[in-house]
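Note: the block below is entry.cif and it holds mmCIF, C-alpha atoms.
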```
data_my_file
#
loop_
_atom_site.group_PDB
_atom_site.id
_atom_site.type_symbol
_atom_site.label_atom_id
_atom_site.label_comp_id
_atom_site.auth_asym_id
_atom_site.auth_seq_id
_atom_site.Cartn_x
_atom_site.Cartn_y
_atom_site.Cartn_z
ATOM 1 C CA ASP A 1 -23.191 87.494 -34.360
ATOM 2 C CA LYS A 2 -19.650 86.108 -34.588
ATOM 3 C CA ASN A 3 -20.932 82.537 -34.977
ATOM 4 C CA VAL A 4 -22.494 83.500 -38.315
ATOM 5 C CA LEU A 5 -19.858 85.941 -39.569
ATOM 6 C CA PRO A 6 -18.728 85.065 -43.106
ATOM 7 C CA VAL A 7 -15.643 82.861 -43.373
ATOM 8 C CA LEU A 8 -14.713 82.184 -47.002
ATOM 9 C CA GLY A 9 -18.300 82.936 -47.920
ATOM 10 C CA LYS A 10 -19.885 80.647 -45.304
ATOM 11 C CA PRO A 11 -21.023 81.365 -41.730
ATOM 12 C CA LEU A 12 -18.365 80.493 -39.162
ATOM 13 C CA LEU A 13 -20.461 77.705 -37.630
ATOM 14 C CA TYR A 14 -20.663 76.000 -41.047
ATOM 15 C CA TYR A 15 -17.165 74.565 -40.590
ATOM 16 C CA PRO A 16 -17.610 72.718 -37.268
ATOM 17 C CA ALA A 17 -21.132 71.744 -38.369
ATOM 18 C CA MET A 18 -19.897 70.189 -41.608
ATOM 19 C CA ALA A 19 -16.887 68.522 -39.987
ATOM 20 C CA ALA A 20 -19.364 66.551 -37.888
ATOM 21 C CA LYS A 21 -21.890 66.172 -40.694
ATOM 22 C CA THR A 22 -19.311 64.384 -42.846
ATOM 23 C CA CYS A 23 -18.377 62.002 -40.014
ATOM 24 C CA SER A 24 -19.976 58.618 -40.736
ATOM 25 C CA LEU A 25 -19.996 57.703 -37.029
ATOM 26 C CA ILE A 26 -22.532 60.397 -36.124
ATOM 27 C CA THR A 27 -26.221 59.698 -36.706
ATOM 28 C CA ASP A 28 -28.185 62.688 -35.363
ATOM 29 C CA PHE A 29 -27.520 66.422 -35.591
ATOM 30 C CA TYR A 30 -28.955 69.206 -33.425
ATOM 31 C CA VAL A 31 -28.269 72.900 -32.901
ATOM 32 C CA SER A 32 -29.061 74.676 -29.637
ATOM 33 C CA SER A 33 -29.383 78.461 -29.604
ATOM 34 C CA ASP A 34 -31.689 81.348 -28.710
ATOM 35 C CA ASP A 35 -30.653 83.146 -31.923
ATOM 36 C CA GLU A 36 -32.664 82.627 -35.121
ATOM 37 C CA LYS A 37 -29.680 83.438 -37.358
ATOM 38 C CA ILE A 38 -27.641 80.687 -35.737
ATOM 39 C CA LEU A 39 -30.538 78.232 -35.789
ATOM 40 C CA ASP A 40 -31.213 78.911 -39.483
ATOM 41 C CA ALA A 41 -27.533 78.699 -40.473
ATOM 42 C CA ALA A 42 -27.151 75.322 -38.765
ATOM 43 C CA ALA A 43 -30.472 74.100 -40.176
ATOM 44 C CA SER A 44 -29.127 74.768 -43.670
ATOM 45 C CA CYS A 45 -26.382 72.249 -42.815
ATOM 46 C CA GLY A 46 -28.967 69.635 -41.859
ATOM 47 C CA TYR A 47 -29.225 70.276 -38.111
ATOM 48 C CA LYS A 48 -32.551 70.142 -36.247
ATOM 49 C CA LYS A 49 -33.347 73.196 -34.165
ATOM 50 C CA ILE A 50 -33.480 73.286 -30.371
ATOM 51 C CA VAL A 51 -34.562 76.717 -29.139
ATOM 52 C CA ARG A 52 -32.553 77.472 -26.025
ATOM 53 C CA PRO A 53 -34.439 79.241 -23.202
ATOM 54 C CA ALA A 54 -33.373 82.815 -22.487
ATOM 55 C CA GLU A 55 -32.164 81.889 -18.987
ATOM 56 C CA LEU A 56 -29.648 79.478 -20.541
ATOM 57 C CA ALA A 57 -28.349 82.062 -23.035
ATOM 58 C CA LEU A 58 -26.868 84.590 -20.634
ATOM 59 C CA PRO A 59 -23.190 85.596 -20.302
ATOM 60 C CA THR A 60 -23.198 83.696 -16.995
ATOM 61 C CA SER A 61 -24.822 80.549 -18.428
ATOM 62 C CA GLN A 62 -22.861 77.308 -18.156
ATOM 63 C CA HIS A 63 -22.154 74.822 -20.950
ATOM 64 C CA VAL A 64 -23.515 71.917 -18.945
ATOM 65 C CA ASP A 65 -26.951 73.520 -18.553
ATOM 66 C CA ALA A 66 -27.325 74.052 -22.302
ATOM 67 C CA ILE A 67 -26.146 70.480 -22.950
ATOM 68 C CA ASN A 68 -28.624 69.037 -20.449
ATOM 69 C CA HIS A 69 -31.468 71.065 -21.956
ATOM 70 C CA ALA A 70 -30.590 69.821 -25.454
ATOM 71 C CA LEU A 71 -30.487 66.208 -24.260
ATOM 72 C CA LYS A 72 -33.942 66.566 -22.695
ATOM 73 C CA GLU A 73 -35.313 67.959 -25.962
ATOM 74 C CA MET A 74 -33.717 65.092 -27.901
ATOM 75 C CA ASP A 75 -35.213 62.605 -25.453
ATOM 76 C CA LYS A 76 -38.701 63.919 -26.286
ATOM 77 C CA VAL A 77 -38.290 62.746 -29.886
ATOM 78 C CA GLY A 78 -36.771 59.384 -28.979
ATOM 79 C CA VAL A 79 -33.093 60.217 -29.486
ATOM 80 C CA HIS A 80 -30.962 58.787 -26.645
ATOM 81 C CA PRO A 81 -27.244 59.102 -27.506
ATOM 82 C CA ASP A 82 -24.549 57.026 -25.852
ATOM 83 C CA ILE A 83 -21.822 59.305 -27.204
ATOM 84 C CA LEU A 84 -22.393 63.039 -27.587
ATOM 85 C CA VAL A 85 -20.143 65.335 -29.639
ATOM 86 C CA VAL A 86 -20.521 68.910 -28.416
ATOM 87 C CA LEU A 87 -19.471 71.372 -31.115
ATOM 88 C CA LEU A 88 -18.640 74.968 -30.230
ATOM 89 C CA ALA A 89 -19.888 77.313 -32.947
ATOM 90 C CA ASN A 90 -17.257 80.026 -32.467
ATOM 91 C CA SER A 91 -14.317 77.952 -33.721
ATOM 92 C CA GLY A 92 -13.734 76.871 -37.303
ATOM 93 C CA ILE A 93 -10.606 74.927 -36.383
ATOM 94 C CA VAL A 94 -12.114 71.440 -36.545
ATOM 95 C CA LYS A 95 -11.281 68.414 -38.680
ATOM 96 C CA ARG A 96 -13.541 65.454 -39.345
ATOM 97 C CA GLU A 97 -10.583 63.185 -38.573
ATOM 98 C CA TRP A 98 -10.244 64.665 -35.082
ATOM 99 C CA ILE A 99 -13.913 64.002 -34.355
ATOM 100 C CA GLU A 100 -13.647 60.448 -35.674
ATOM 101 C CA GLU A 101 -10.547 59.816 -33.586
ATOM 102 C CA SER A 102 -12.292 61.000 -30.423
ATOM 103 C CA ILE A 103 -15.321 58.768 -31.045
ATOM 104 C CA GLN A 104 -13.161 55.751 -31.873
ATOM 105 C CA TYR A 105 -11.266 56.154 -28.595
ATOM 106 C CA ILE A 106 -14.521 55.798 -26.656
ATOM 107 C CA ILE A 107 -15.813 52.935 -28.817
ATOM 108 C CA ARG A 108 -12.595 51.017 -28.169
ATOM 109 C CA ASP A 109 -12.447 51.829 -24.445
ATOM 110 C CA ASN A 110 -15.775 52.290 -22.685
ATOM 111 C CA THR A 111 -14.034 53.243 -19.433
ATOM 112 C CA LEU A 112 -13.213 56.629 -20.982
ATOM 113 C CA SER A 113 -15.515 59.441 -19.912
ATOM 114 C CA ALA A 114 -14.559 61.792 -22.737
ATOM 115 C CA ALA A 115 -12.097 62.429 -25.557
ATOM 116 C CA VAL A 116 -11.172 66.020 -26.307
ATOM 117 C CA PRO A 117 -8.690 67.997 -28.432
ATOM 118 C CA VAL A 118 -5.752 69.480 -26.546
ATOM 119 C CA LEU A 119 -2.746 71.630 -27.369
ATOM 120 C CA LEU A 120 0.736 71.129 -25.956
ATOM 121 C CA GLU A 121 1.442 74.386 -24.103
ATOM 122 C CA MET A 122 4.728 74.837 -22.272
ATOM 123 C CA ASP A 123 5.161 78.622 -22.570
ATOM 124 C CA HIS A 124 2.146 79.257 -20.327
ATOM 125 C CA HIS A 125 2.699 76.311 -18.018
ATOM 126 C CA PRO A 126 0.735 76.558 -14.723
ATOM 127 C CA TYR A 127 3.996 76.306 -12.782
ATOM 128 C CA ARG A 128 5.108 79.504 -14.538
ATOM 129 C CA SER A 129 1.799 81.329 -14.022
ATOM 130 C CA LYS A 130 1.286 83.919 -11.307
ATOM 131 C CA SER A 131 -1.604 84.874 -9.056
ATOM 132 C CA LEU A 132 -2.185 88.309 -7.508
ATOM 133 C CA ARG A 133 -1.739 88.583 -3.752
ATOM 134 C CA GLU A 134 -3.840 90.843 -1.550
ATOM 135 C CA ASP A 135 -0.863 93.185 -1.172
ATOM 136 C CA GLY A 136 -0.839 93.758 -4.943
ATOM 137 C CA CYS A 137 2.282 91.685 -5.593
ATOM 138 C CA LEU A 138 2.541 88.487 -7.617
ATOM 139 C CA GLY A 139 2.277 85.084 -5.995
ATOM 140 C CA THR A 140 2.231 81.424 -6.980
ATOM 141 C CA TRP A 141 -0.852 79.292 -7.573
ATOM 142 C CA PHE A 142 0.782 76.283 -5.896
ATOM 143 C CA ASN A 143 2.512 75.623 -2.608
ATOM 144 C CA PHE A 144 5.806 74.274 -3.881
ATOM 145 C CA ASP A 145 7.208 73.853 -0.353
ATOM 146 C CA LYS A 146 10.922 73.156 -0.801
ATOM 147 C CA HIS A 147 10.631 71.690 -4.298
ATOM 148 C CA LYS A 148 12.754 73.586 -6.773
ATOM 149 C CA ILE A 149 10.944 74.381 -10.039
ATOM 150 C CA SER A 150 13.136 74.796 -13.086
ATOM 151 C CA THR A 151 12.916 78.042 -15.047
ATOM 152 C CA ASN A 152 13.523 76.002 -18.223
ATOM 153 C CA ARG A 153 10.217 74.963 -19.777
ATOM 154 C CA GLN A 154 11.742 71.775 -21.202
ATOM 155 C CA ASP A 155 12.361 70.567 -17.627
ATOM 156 C CA LEU A 156 8.706 70.906 -16.590
ATOM 157 C CA PRO A 157 6.058 68.145 -16.692
ATOM 158 C CA VAL A 158 4.140 68.022 -19.973
ATOM 159 C CA ASN A 159 1.242 70.488 -19.953
ATOM 160 C CA TYR A 160 -1.831 70.366 -22.208
ATOM 161 C CA VAL A 161 -4.614 72.936 -22.507
ATOM 162 C CA LEU A 162 -8.158 72.030 -23.468
ATOM 163 C CA CYS A 163 -9.380 73.250 -26.854
ATOM 164 C CA HIS A 164 -12.779 74.878 -27.233
ATOM 165 C CA ASN A 165 -13.717 73.501 -30.644
ATOM 166 C CA PHE A 166 -15.487 70.257 -29.663
ATOM 167 C CA TRP A 167 -15.797 67.769 -26.815
ATOM 168 C CA THR A 168 -16.817 64.127 -27.198
ATOM 169 C CA LEU A 169 -18.602 62.686 -24.173
ATOM 170 C CA ASN A 170 -19.290 59.101 -23.161
ATOM 171 C CA LEU A 171 -22.502 60.101 -21.396
ATOM 172 C CA ALA A 172 -22.720 57.119 -19.034
ATOM 173 C CA LYS A 173 -19.221 57.860 -17.688
ATOM 174 C CA SER A 174 -19.356 61.664 -17.812
ATOM 175 C CA LEU A 175 -22.567 63.676 -17.640
ATOM 176 C CA TYR A 176 -24.643 60.805 -16.247
ATOM 177 C CA ALA A 177 -21.970 59.473 -13.895
ATOM 178 C CA LYS A 178 -22.502 59.607 -10.130
ATOM 179 C CA GLU A 179 -19.065 60.957 -9.285
ATOM 180 C CA GLU A 180 -18.165 64.528 -10.148
ATOM 181 C CA GLY A 181 -15.568 65.026 -12.869
ATOM 182 C CA GLN A 182 -12.535 67.288 -13.068
ATOM 183 C CA GLN A 183 -12.985 70.999 -12.453
ATOM 184 C CA PRO A 184 -14.035 73.201 -14.129
ATOM 185 C CA TRP A 185 -15.537 70.937 -16.809
ATOM 186 C CA THR A 186 -17.001 68.454 -14.328
ATOM 187 C CA PHE A 187 -19.428 67.097 -16.958
ATOM 188 C CA MET A 188 -16.468 65.498 -18.775
ATOM 189 C CA GLY A 189 -15.821 62.999 -16.009
ATOM 190 C CA ASN A 190 -12.407 61.828 -14.825
ATOM 191 C CA ASN A 191 -11.082 59.569 -17.616
ATOM 192 C CA ILE A 192 -10.503 62.078 -20.399
ATOM 193 C CA LYS A 193 -8.495 60.931 -23.424
ATOM 194 C CA PRO A 194 -6.468 63.652 -25.168
ATOM 195 C CA VAL A 195 -6.708 64.122 -28.921
ATOM 196 C CA ILE A 196 -3.479 66.033 -29.517
ATOM 197 C CA VAL A 197 -3.790 68.704 -32.237
ATOM 198 C CA LYS A 198 -1.336 71.276 -33.532
ATOM 199 C CA GLU A 199 -3.599 74.318 -33.612
ATOM 200 C CA SER A 200 -6.868 75.513 -32.135
ATOM 201 C CA PHE A 201 -8.332 78.924 -31.359
ATOM 202 C CA ASP A 202 -11.701 80.593 -30.885
ATOM 203 C CA VAL A 203 -12.970 83.600 -32.805
ATOM 204 C CA HIS A 204 -13.014 86.750 -30.703
ATOM 205 C CA ASP A 205 -12.399 89.459 -33.318
ATOM 206 C CA GLU A 206 -11.950 90.138 -37.033
ATOM 207 C CA ASP A 207 -8.304 89.079 -36.947
ATOM 208 C CA ASP A 208 -9.412 85.624 -35.762
ATOM 209 C CA ILE A 209 -11.778 85.415 -38.752
ATOM 210 C CA LYS A 210 -8.873 86.076 -41.122
ATOM 211 C CA ARG A 211 -6.703 83.620 -39.216
ATOM 212 C CA THR A 212 -9.451 80.987 -39.539
ATOM 213 C CA GLU A 213 -9.658 81.564 -43.277
ATOM 214 C CA ARG A 214 -5.888 81.126 -43.628
ATOM 215 C CA TRP A 215 -6.001 77.879 -41.638
ATOM 216 C CA LEU A 216 -8.858 76.452 -43.713
ATOM 217 C CA LEU A 217 -7.061 77.289 -46.956
ATOM 218 C CA GLU A 218 -3.735 75.908 -45.752
ATOM 219 C CA GLU A 219 -5.395 72.682 -44.574
ATOM 220 C CA GLY A 220 -7.405 72.405 -47.790
ATOM 221 C CA ILE A 221 -10.676 72.040 -45.885
ATOM 222 C CA LYS A 222 -13.811 72.462 -48.004
ATOM 223 C CA TYR A 223 -17.198 70.797 -48.041
ATOM 224 C CA GLU A 224 -19.562 70.151 -50.928
#
```

Would it be possible to restate this file's structure as structure tokens?
Amino acid sequence: DKNVLPVLGKPLLYYPAMAAKTCSLITDFYVSSDDEKILDAAASCGYKKIVRPAELALPTSQHVDAINHALKEMDKVGVHPDILVVLLANSGIVKREWIEESIQYIIRDNTLSAAVPVLLEMDHHPYRSKSLREDGCLGTWFNFDKHKISTNRQDLPVNYVLCHNFWTLNLAKSLYAKEEGQQPWTFMGNNIKPVIVKESFDVHDEDDIKRTERWLLEEGIKYE
């Protein structure tokens, strides 16, 4: 039930839901879940319910399958979006301005397949990450051949990590495109514009709830 745990007196999903709800560029609002508590909490924010089938609500279920199911349900009532903002209900670290920026990127440049929040991350750069070899020792993920990789993070190519708070999709160039997009989020297509943010995290435990509350208070985020 982490998506509906209280955060400053509101369910966690209230904050991403309202960030989008207060964005003037978005016209239709839907919530997809198999959980009545989540469906009801989002409905109280003005979202229409899409009951997700049990087979799409498993630990092994993929985002893209839930998104496709929601789009089919929206199609039944005559809603055919060109741009889809996918909100993740387990992160309260979302600003209306970030959502607006992502949509505006796609409006201005229709060759973009998506626009998504990212964090600059040099401490855990993939060049510094290690795999586990069959002999139980550490190995590298890449074949560097004879290229020397600096141990100083400031010498490495810029590295961004994808946030899991929301993703904005240009459906014609991403989910509906003929060519497969970048792994593992192939539904985002290949022309993904970064929306660079300073902080983003998901809620996994009680400490993350408290951390979310601190962030909301520090950023002065509240909705009427």

Could you produce a table of the residues of region 5-80 of chain A lying within 12 Å of region 167-170 of chain A, with the nearest pair of atoms per residue and their separation in Å rounded to one decimal, using all atoms listed in the file, ordered by chain and increasing residue number, as a Markdown table?
```
| residue | atom | partner | partner_atom | distance |
| --- | --- | --- | --- | --- |
| A:Pro16 | CA | A:Trp167 | CA | 11.7 |
| A:Ala20 | CA | A:Thr168 | CA | 11.3 |
| A:Ile26 | CA | A:Thr168 | CA | 11.2 |
| A:His63 | CA | A:Trp167 | CA | 11.2 |
| A:Val64 | CA | A:Leu169 | CA | 11.7 |
| A:Ile67 | CA | A:Leu169 | CA | 10.9 |
```

Residue contacts of region 79-95 of chain A (7 Å, all atoms listed in the file) excluding same-chain residues fewer than 6 positions away, as number ranges by chain: A: 2-3, 12-13, 15-16, 19, 164-171, 200-203, 212

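For the pair CA of Leu216 (chain A) and CA of Gln62 (chain A), the interatomic distance is 29.2 Å.
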
Resolved residues for the PyMOL selection byres ((chain A and resi 106) around 12) as a PyMOL selection string: chain A and resi 25+82-85+99-105+107-116+168-174+191-195

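Atom pair CA of Lys49 (chain A) / CA of Ala66 (chain A) has a distance of 13.3 Å (rounded to one decimal).
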
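If you look at CA of Arg96 (chain A) and CA of Thr22 (chain A), they are 6.8 Å away from each other.
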
Output of the PyMOL selection byres ((chain A and resi 69) around 10), listed as JSON, numbers by chain: {"A": [32, 50, 51, 52, 53, 56, 64, 65, 66, 67, 68, 70, 71, 72, 73, 74, 75]}

All residues 9 Å or closer to Arg128 (chain A), all atoms listed in the file, same chain fewer than 5 positions away omitted, as a list in words: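 The residues satisfying every condition are Asp123, Thr140, Ile149, Thr151 and Arg153 of chain A.
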
Nearest residue to Ala41 (chain A) from the set A:Tyr14, A:Phe142, A:Tyr160, A:Phe29 (distances using all atoms listed in the file): A:Tyr14

Pick from A:Val7, A:Met188, A:Cys163, A:Val158, whichever lies nearest to Tyr176 (chain A) using only C-alpha atoms: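 Comparing A:Val7, A:Met188, A:Cys163, A:Val158 against Tyr176 (chain A), the winner is A:Met188.
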
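Counting all atoms listed in the file, Lys130 (chain A) has the following residues at most 8 Å away, ignoring those fewer than 6 positions along the same chain: Leu138, Gly139, Thr140 and Trp141 of chain A.
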
Resolved residues for the PyMOL selection byres ((chain A and resi 197) around 7) as a ChimeraX atom specification: /A:117-119,195-196,198-199
